[in-house]
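Structure file model35.csv with CSV, C-alpha atoms:
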chain,number,residue,atom,x,y,z
Q,198,MET,CA,216.8,278.5,50.6
Q,199,LEU,CA,214.0,280.8,49.5
Q,200,PHE,CA,216.5,283.6,48.6
Q,201,ILE,CA,218.7,281.3,46.5
Q,202,SER,CA,215.7,279.8,44.6
Q,203,PHE,CA,214.4,283.3,43.8
Q,204,HIS,CA,217.8,284.5,42.5
Q,205,ALA,CA,218.2,281.4,40.3
Q,206,HIS,CA,214.8,282.0,38.8
Q,207,ALA,CA,215.5,285.7,38.1
Q,208,ALA,CA,218.8,284.9,36.4
Q,209,HIS,CA,217.3,282.4,33.9
Q,210,PRO,CA,213.8,283.5,33.1
Q,211,HIS,CA,213.7,281.3,30.0
Q,212,LYS,CA,213.8,278.2,32.1
Q,213,THR,CA,210.5,276.9,33.4
Q,214,THR,CA,210.1,276.0,37.0
Q,215,LYS,CA,210.1,272.3,37.4
Q,216,LYS,CA,207.5,270.6,39.5
Q,217,PRO,CA,208.7,269.1,42.7
Q,218,PRO,CA,209.7,265.5,42.1
Q,219,VAL,CA,207.3,262.7,43.0
Q,220,VAL,CA,209.9,261.5,45.5
Q,221,THR,CA,208.2,263.5,48.1
Q,222,GLN,CA,205.3,261.1,48.2
Q,223,SER,CA,207.5,258.0,48.2
Q,224,VAL,CA,209.5,259.5,51.0
Q,225,SER,CA,206.3,260.1,52.9
Q,226,LYS,CA,205.3,256.5,52.4
Q,227,ASN,CA,208.7,255.3,53.4
Q,228,SER,CA,208.5,257.6,56.4
Q,229,ASP,CA,205.2,256.1,57.4
Q,230,LYS,CA,206.7,252.6,57.0
Q,231,ARG,CA,209.6,253.6,59.2
Q,232,LYS,CA,207.2,255.0,61.8
Q,233,ARG,CA,205.1,251.9,61.7
Q,234,SER,CA,208.2,249.6,61.9
Q,235,SER,CA,209.6,251.8,64.7
Q,236,LYS,CA,206.3,251.5,66.6
Q,237,LYS,CA,206.4,247.7,66.1
Q,238,ALA,CA,210.0,247.6,67.3
Q,239,SER,CA,209.1,249.7,70.3
Q,240,VAL,CA,206.2,247.4,71.2
Q,241,HIS,CA,208.3,244.4,70.7
Q,242,SER,CA,211.1,245.9,72.9
Q,243,HIS,CA,208.6,246.8,75.6
Q,244,THR,CA,207.0,243.3,75.5
Q,245,SER,CA,210.5,241.7,75.6
Q,246,THR,CA,211.6,243.9,78.5
Q,247,TYR,CA,208.3,243.2,80.4
Q,248,SER,CA,208.8,239.4,79.8
Q,249,ASN,CA,212.4,239.6,81.0
Q,250,GLN,CA,211.3,241.5,84.1
Q,251,ARG,CA,208.7,238.9,84.9
Q,252,LYS,CA,211.3,236.1,84.5
Q,253,ILE,CA,213.7,238.0,86.7
Q,254,SER,CA,210.9,238.6,89.3
Q,255,LYS,CA,209.9,234.9,89.3
Q,256,SER,CA,213.5,233.8,89.6
Q,257,ALA,CA,214.1,236.3,92.5
Q,258,ASP,CA,211.2,234.7,94.4
Q,259,LYS,CA,213.2,231.5,94.5
Q,260,ALA,CA,216.3,231.5,96.7
Q,261,PRO,CA,219.3,230.3,94.6
Q,262,THR,CA,220.7,226.9,95.5
Q,263,GLY,CA,223.4,227.2,98.1
Q,264,VAL,CA,222.5,230.6,99.5
Q,265,ASN,CA,223.4,231.0,103.1
Q,266,PRO,CA,220.4,232.5,105.0
Q,267,PHE,CA,222.8,233.6,107.7
Q,268,ALA,CA,225.0,235.6,105.4
Q,269,GLN,CA,225.1,239.2,106.5
Q,270,ARG,CA,227.2,242.2,106.7
Q,271,LYS,CA,229.6,242.8,109.6
Q,272,VAL,CA,227.9,243.1,112.9
Q,273,GLN,CA,228.7,246.8,113.4
Q,274,ASN,CA,226.9,247.5,110.0
Q,275,LEU,CA,223.7,245.6,110.7
Q,276,ASN,CA,220.5,247.6,110.7
Q,277,ILE,CA,218.6,246.9,113.9
Q,278,THR,CA,214.9,247.8,113.9
Q,279,ASP,CA,213.6,250.3,116.5
Q,280,GLY,CA,211.2,247.6,117.8
Q,281,MET,CA,214.1,245.3,118.6
Q,282,HIS,CA,216.6,247.9,119.6
Q,283,PRO,CA,214.9,251.0,120.8
Q,284,GLN,CA,216.6,254.4,121.1
Q,285,ILE,CA,218.7,254.5,124.3
Q,286,SER,CA,220.7,257.1,126.1
Q,287,ALA,CA,224.5,257.3,125.9
Q,288,ILE,CA,224.8,256.0,129.4
Q,289,GLN,CA,222.7,252.9,128.7
Q,290,ASP,CA,224.6,252.3,125.4
Q,291,THR,CA,227.9,252.4,127.3
Q,292,LYS,CA,226.5,250.0,129.9
Q,293,LEU,CA,225.3,247.6,127.2
Q,294,THR,CA,228.6,247.7,125.4
Q,295,ALA,CA,230.6,247.0,128.6
Q,296,ALA,CA,228.2,244.1,129.5
Q,297,LYS,CA,228.6,242.6,126.1
Q,298,ARG,CA,232.4,242.7,126.3
Q,299,LYS,CA,232.4,241.0,129.7
Q,300,VAL,CA,230.0,238.3,128.6
Q,301,ILE,CA,232.1,237.5,125.5
Q,302,SER,CA,235.3,237.6,127.5
Q,303,LYS,CA,234.0,235.1,130.0
Q,304,LEU,CA,232.9,232.8,127.2
Q,305,MET,CA,236.2,233.0,125.4
Q,306,GLN,CA,238.1,232.1,128.5
Q,307,GLN,CA,236.3,228.7,128.5
Q,308,LEU,CA,237.3,227.8,125.0
Q,309,GLY,CA,238.9,224.3,124.8
Q,310,LYS,CA,237.5,223.1,128.0
Q,311,PRO,CA,235.6,219.7,127.8
Q,312,TYR,CA,231.8,219.5,127.8
Q,313,HIS,CA,230.3,218.3,131.1
Q,314,TYR,CA,226.7,217.4,131.3
Q,315,GLY,CA,225.0,219.4,134.1
Q,316,GLY,CA,228.1,221.5,134.6
Q,317,ALA,CA,227.6,225.2,135.2
Q,318,SER,CA,231.0,226.5,136.5
Q,319,PRO,CA,234.7,226.6,135.4
Q,320,GLN,CA,235.5,224.1,138.2
Q,321,THR,CA,233.0,221.5,137.1
Q,322,GLY,CA,232.9,222.2,133.3
Q,323,PHE,CA,229.8,223.2,131.3
Q,324,ASP,CA,227.0,222.0,129.3
Q,325,CYS,CA,225.4,224.3,126.7
Q,326,SER,CA,222.9,226.1,129.0
Q,327,GLY,CA,225.3,226.1,131.9
Q,328,LEU,CA,227.9,228.0,129.9
Q,329,VAL,CA,225.3,230.6,128.8
Q,330,LYS,CA,223.9,231.1,132.3
Q,331,TYR,CA,227.4,231.5,133.7
Q,332,ALA,CA,228.5,234.0,131.1
Q,333,TYR,CA,225.5,236.3,131.8
Q,334,SER,CA,225.3,235.8,135.6
Q,335,ASP,CA,227.1,239.0,136.5
Q,336,GLN,CA,225.5,241.3,133.9
Q,337,LEU,CA,221.8,240.8,134.2
Q,338,LYS,CA,219.5,242.0,137.0
Q,339,THR,CA,217.7,238.6,136.9
Q,340,SER,CA,219.2,235.1,136.3
Q,341,LEU,CA,218.6,233.2,133.1
Q,342,PRO,CA,216.7,229.9,133.3
Q,343,ARG,CA,218.9,226.8,133.6
Q,344,THR,CA,217.8,224.9,130.5
Q,345,ALA,CA,218.0,225.8,126.8
Q,346,ASP,CA,214.3,225.3,126.3
Q,347,ASN,CA,213.4,227.5,129.3
Q,348,MET,CA,215.6,230.2,127.9
Q,349,PHE,CA,214.0,229.8,124.5
Q,350,SER,CA,210.6,230.2,126.2
Q,351,MET,CA,211.4,233.3,128.2
Q,352,SER,CA,208.7,236.1,128.3
Q,353,ALA,CA,209.0,239.2,126.1
Q,354,GLU,CA,210.0,241.1,129.2
Q,355,GLN,CA,213.0,238.9,129.7
Q,356,ALA,CA,214.1,238.5,126.1
Q,357,GLN,CA,213.2,239.7,122.7
Q,358,LYS,CA,212.8,237.5,119.7
Q,359,ILE,CA,215.4,238.2,117.0
Q,360,LYS,CA,215.3,237.4,113.3
Q,361,LYS,CA,218.4,235.9,111.6
Q,362,GLU,CA,219.1,239.1,109.7
Q,363,GLU,CA,219.0,241.0,113.0
Q,364,LEU,CA,221.5,238.9,115.0
Q,365,HIS,CA,223.9,240.9,117.0
Q,366,THR,CA,226.8,240.0,119.2
Q,367,GLY,CA,225.6,238.6,122.5
Q,368,ASP,CA,222.3,237.2,121.3
Q,369,LEU,CA,221.3,233.7,122.2
Q,370,VAL,CA,220.9,231.2,119.3
Q,371,PHE,CA,218.8,228.1,119.7
Q,372,PHE,CA,218.6,224.7,118.0
Q,373,ARG,CA,216.3,221.7,118.1
Q,374,THR,CA,217.8,218.3,118.9
Q,375,ASN,CA,214.6,216.5,117.9
Q,376,ARG,CA,212.0,217.0,115.2
Q,377,SER,CA,210.0,219.6,117.1
Q,378,ARG,CA,210.7,223.2,116.2
Q,379,ASN,CA,209.0,224.4,119.4
Q,380,HIS,CA,211.5,222.8,121.7
Q,381,ALA,CA,215.1,224.0,122.1
Q,382,GLY,CA,217.5,221.3,123.0
Q,383,HIS,CA,220.7,223.4,122.5
Q,384,VAL,CA,221.8,227.0,123.0
Q,385,GLY,CA,224.9,229.1,122.1
Q,386,VAL,CA,225.9,232.7,122.0
Q,387,TYR,CA,226.3,234.6,118.8
Q,388,LEU,CA,229.6,236.3,118.3
Q,389,GLY,CA,229.2,238.0,114.9
Q,390,ASP,CA,230.1,237.3,111.3
Q,391,GLY,CA,228.0,234.1,111.3
Q,392,GLU,CA,229.9,232.5,114.3
Q,393,PHE,CA,228.7,231.4,117.7
Q,394,ILE,CA,230.3,229.9,120.8
Q,395,GLN,CA,228.9,226.7,122.4
Q,396,ALA,CA,229.5,223.7,124.5
Q,397,PRO,CA,228.4,221.0,122.0
Q,398,ARG,CA,228.1,217.6,123.6
Q,399,THR,CA,229.9,214.9,125.6
Q,400,GLY,CA,233.3,214.2,124.1
Q,401,GLN,CA,233.7,217.6,122.5
Q,402,ASP,CA,235.2,220.8,123.9
Q,403,ILE,CA,233.7,224.3,124.1
Q,404,GLN,CA,234.3,225.8,120.7
Q,405,ILE,CA,233.4,228.4,118.1
Q,406,SER,CA,231.1,227.1,115.3
Q,407,ARG,CA,229.5,228.6,112.2
Q,408,LEU,CA,225.7,229.0,111.8
Q,409,ASP,CA,226.0,228.2,108.1
Q,410,ASP,CA,227.4,224.7,108.8
Q,411,ASP,CA,224.8,222.2,107.5
Q,412,TYR,CA,223.9,220.7,110.9
Q,413,TRP,CA,223.4,224.0,112.7
Q,414,GLN,CA,221.6,225.6,109.8
Q,415,ASP,CA,219.2,222.7,109.6
Q,416,HIS,CA,218.5,222.7,113.3
Q,417,TYR,CA,218.3,226.4,114.0
Q,418,ILE,CA,215.0,227.5,115.4
Q,419,GLY,CA,215.4,231.1,116.6
Q,420,ALA,CA,217.3,233.7,118.7
Q,421,ARG,CA,216.7,235.8,121.7
Q,422,ARG,CA,218.2,239.0,122.9
Q,423,VAL,CA,218.7,239.3,126.7
Q,424,LEU,CA,221.2,242.2,126.8
Q,425,LEU,CA,218.6,244.9,127.0
Q,426,ALA,CA,219.0,248.4,128.4
Q,427,TYR,CA,216.5,247.8,131.3
Q,428,ALA,CA,217.9,244.3,132.0
Q,429,VAL,CA,221.6,245.1,132.4
Q,430,LYS,CA,222.9,245.9,135.9
How would this structure read if it were set down as structure tokens?
Amino acid sequence: MLFISFHAHAAHPHKTTKKPPVVTQSVSKNSDKRKRSSKKASVHSHTSTYSNQRKISKSADKAPTGVNPFAQRKVQNLNITDGMHPQISAIQDTKLTAAKRKVISKLMQQLGKPYHYGGASPQTGFDCSGLVKYAYSDQLKTSLPRTADNMFSMSAEQAQKIKKEELHTGDLVFFRTNRSRNHAGHVGVYLGDGEFIQAPRTGQDIQISRLDDDYWQDHYIGARRVLLAYAVK
């Protein structure tokens, strides 16, 4: 640009050099205006984004209506915490897997059989805790208690408390049958994918139910894991 300007001046010496147009100043003012408006827009955008983030954050604190608290990924993809499922050897893992399959197999063989209060064998029929005790009888070093509430109240050495999002096949799931959340009146065995097997009550057969059904969801009080590396035979 400097070279061209100099050449033009040399070729026409009779022409006087014009002063730079005043536009420079107005451009500068317009530039300042654009900068100020840009800053305002940036602040407005930041404020709007922050406001939207706060709204999203507040709405995230509230569980949307109809959300199933038992919804989860497939059992094999669940992340089990170390505290609930400590590292075990390959041999222990194999034993646990075999025990789990045997428990589930025994339970599935009882499907369709009628509920029988006080029953604890295939010959007499089963009530809820009788079915669970029977299913685990050959797999654990110690026997499970006879009633659902006693199972729910087992010591930490006998059973580990499990959160809903940590449920794994073979865990015991408990429900209240009265208003007390500290008393378990019913028990079933979790199968995976939101389903559990149970002996419901007189007049009904042993069946597979869903934890997200309204009744079971409203009466759910907790879960226990009894298939532990040191507890399996």
Pick from Q:Lys303, Q:Arg407, Q:His313, Q:Lys297, whichever lies nearest to Ala332 (chain Q) using all atoms listed in the file: Q:Lys303
Separation of CA of Tyr387 (chain Q) from CA of Met348 (chain Q) in Å: 14.7 Å
Find the residues near Tyr331 (chain Q): any atom within 10 Å, counting all atoms listed in the file, skip ones fewer than 6 places away on the same chain, and give them as a compact mmCIF listing (two decimals) with C-alpha atoms, in the coordinates of the input.
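Now in around.txt:
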# COMPACT_ATOMS: atom_id res chain seq x y z
CA VAL Q 300 230.00 238.30 128.60
CA LYS Q 303 234.00 235.10 130.00
CA LEU Q 304 232.90 232.80 127.20
CA ALA Q 317 227.60 225.20 135.20
CA SER Q 318 231.00 226.50 136.50
CA PRO Q 319 234.70 226.60 135.40
CA PHE Q 323 229.80 223.20 131.30
CA SER Q 340 219.20 235.10 136.30
CA LEU Q 341 218.60 233.20 133.10
CA ARG Q 343 218.90 226.80 133.60
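The space between CA of Ala426 (chain Q) and CA of Asn347 (chain Q) spans 21.7 Å.
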Within 12 Å of region 327-330 of chain Q using all atoms listed in the file, minus same-chain residues under 2 positions, as a PyMOL selection string: chain Q and resi 300-301+303-308+310-325+332-337+339-345+347-348+367-371+383-387+393-397+402-404+423
Sel. within 12 Å of pt (219.5, 245.4, 129.9), counting all atoms listed in the file, output as an NGL selection string: :Q and (282-283 or 285 or 288-297 or 333 or 335-339 or 354-357 or 367 or 422-430)
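Each of Q:Tyr417, Q:Ser326, Q:Thr374, Q:Leu388 was compared to Arg298 (chain Q) using all atoms listed in the file, and Q:Leu388 turns out to be the nearest.
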Residue nearest Lys360 (chain Q) - candidates Q:Ala420, Q:Ser302, Q:Gln414, Q:Ser286, atoms counted: all atoms listed in the file: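 With all atoms listed in the file as the atom set, the closest residue is Q:Ala420.
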CA of Ser352 (chain Q) to CA of Leu408 (chain Q), distance in Å rounded to a single decimal: 24.7 Å
Nearest residue to Ser406 (chain Q) from the set Q:Lys358, Q:Arg376, Q:Ile418, Q:Gly391 (distances using only C-alpha atoms):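 Closest candidate: Q:Gly391.
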Region 384-403 of chain Q rebuilt with N, CA and C atoms, output as a PDB file, in the frame of the given file:
ATOM      1  N   VAL Q 384     221.699 225.549 123.023  1.00  0.00           N
ATOM      2  CA  VAL Q 384     221.800 227.000 123.000  1.00  0.00           C
ATOM      3  C   VAL Q 384     223.286 227.399 122.875  1.00  0.00           C
ATOM      4  N   GLY Q 385     223.545 228.493 122.178  1.00  0.00           N
ATOM      5  CA  GLY Q 385     224.900 229.100 122.100  1.00  0.00           C
ATOM      6  C   GLY Q 385     224.772 230.575 122.099  1.00  0.00           C
ATOM      7  N   VAL Q 386     225.899 231.258 121.981  1.00  0.00           N
ATOM      8  CA  VAL Q 386     225.900 232.700 122.000  1.00  0.00           C
ATOM      9  C   VAL Q 386     226.532 233.234 120.697  1.00  0.00           C
ATOM     10  N   TYR Q 387     225.796 234.099 120.035  1.00  0.00           N
ATOM     11  CA  TYR Q 387     226.300 234.600 118.800  1.00  0.00           C
ATOM     12  C   TYR Q 387     227.405 235.619 118.960  1.00  0.00           C
ATOM     13  N   LEU Q 388     228.462 235.473 118.158  1.00  0.00           N
ATOM     14  CA  LEU Q 388     229.600 236.300 118.300  1.00  0.00           C
ATOM     15  C   LEU Q 388     229.700 237.396 117.188  1.00  0.00           C
ATOM     16  N   GLY Q 389     229.089 237.116 116.057  1.00  0.00           N
ATOM     17  CA  GLY Q 389     229.200 238.000 114.900  1.00  0.00           C
ATOM     18  C   GLY Q 389     229.769 237.316 113.710  1.00  0.00           C
ATOM     19  N   ASP Q 390     229.529 237.865 112.523  1.00  0.00           N
ATOM     20  CA  ASP Q 390     230.100 237.300 111.300  1.00  0.00           C
ATOM     21  C   ASP Q 390     229.708 235.837 111.080  1.00  0.00           C
ATOM     22  N   GLY Q 391     228.513 235.440 111.522  1.00  0.00           N
ATOM     23  CA  GLY Q 391     228.000 234.100 111.300  1.00  0.00           C
ATOM     24  C   GLY Q 391     228.585 233.046 112.271  1.00  0.00           C
ATOM     25  N   GLU Q 392     229.276 233.467 113.336  1.00  0.00           N
ATOM     26  CA  GLU Q 392     229.900 232.500 114.300  1.00  0.00           C
ATOM     27  C   GLU Q 392     229.193 232.589 115.654  1.00  0.00           C
ATOM     28  N   PHE Q 393     229.214 231.457 116.350  1.00  0.00           N
ATOM     29  CA  PHE Q 393     228.700 231.400 117.700  1.00  0.00           C
ATOM     30  C   PHE Q 393     229.556 230.482 118.557  1.00  0.00           C
ATOM     31  N   ILE Q 394     229.535 230.703 119.850  1.00  0.00           N
ATOM     32  CA  ILE Q 394     230.300 229.900 120.800  1.00  0.00           C
ATOM     33  C   ILE Q 394     229.358 228.960 121.503  1.00  0.00           C
ATOM     34  N   GLN Q 395     229.813 227.716 121.770  1.00  0.00           N
ATOM     35  CA  GLN Q 395     228.900 226.700 122.400  1.00  0.00           C
ATOM     36  C   GLN Q 395     229.687 225.619 123.060  1.00  0.00           C
ATOM     37  N   ALA Q 396     228.970 224.929 123.926  1.00  0.00           N
ATOM     38  CA  ALA Q 396     229.500 223.700 124.500  1.00  0.00           C
ATOM     39  C   ALA Q 396     228.643 222.582 123.827  1.00  0.00           C
ATOM     40  N   PRO Q 397     229.207 221.889 122.830  1.00  0.00           N
ATOM     41  CA  PRO Q 397     228.400 221.000 122.000  1.00  0.00           C
ATOM     42  C   PRO Q 397     227.778 219.803 122.633  1.00  0.00           C
ATOM     43  N   ARG Q 398     228.619 218.858 123.038  1.00  0.00           N
ATOM     44  CA  ARG Q 398     228.100 217.600 123.600  1.00  0.00           C
ATOM     45  C   ARG Q 398     229.245 216.838 124.242  1.00  0.00           C
ATOM     46  N   THR Q 399     228.885 215.764 124.930  1.00  0.00           N
ATOM     47  CA  THR Q 399     229.900 214.900 125.600  1.00  0.00           C
ATOM     48  C   THR Q 399     230.933 214.452 124.559  1.00  0.00           C
ATOM     49  N   GLY Q 400     232.192 214.582 124.937  1.00  0.00           N
ATOM     50  CA  GLY Q 400     233.300 214.200 124.100  1.00  0.00           C
ATOM     51  C   GLY Q 400     233.845 215.306 123.225  1.00  0.00           C
ATOM     52  N   GLN Q 401     233.209 216.478 123.290  1.00  0.00           N
ATOM     53  CA  GLN Q 401     233.700 217.600 122.500  1.00  0.00           C
ATOM     54  C   GLN Q 401     233.995 218.796 123.492  1.00  0.00           C
ATOM     55  N   ASP Q 402     234.880 219.674 123.067  1.00  0.00           N
ATOM     56  CA  ASP Q 402     235.200 220.800 123.900  1.00  0.00           C
ATOM     57  C   ASP Q 402     234.397 222.044 123.515  1.00  0.00           C
ATOM     58  N   ILE Q 403     234.392 223.037 124.401  1.00  0.00           N
ATOM     59  CA  ILE Q 403     233.700 224.300 124.100  1.00  0.00           C
ATOM     60  C   ILE Q 403     234.454 224.915 122.905  1.00  0.00           C
TER      61      ILE Q 403
END
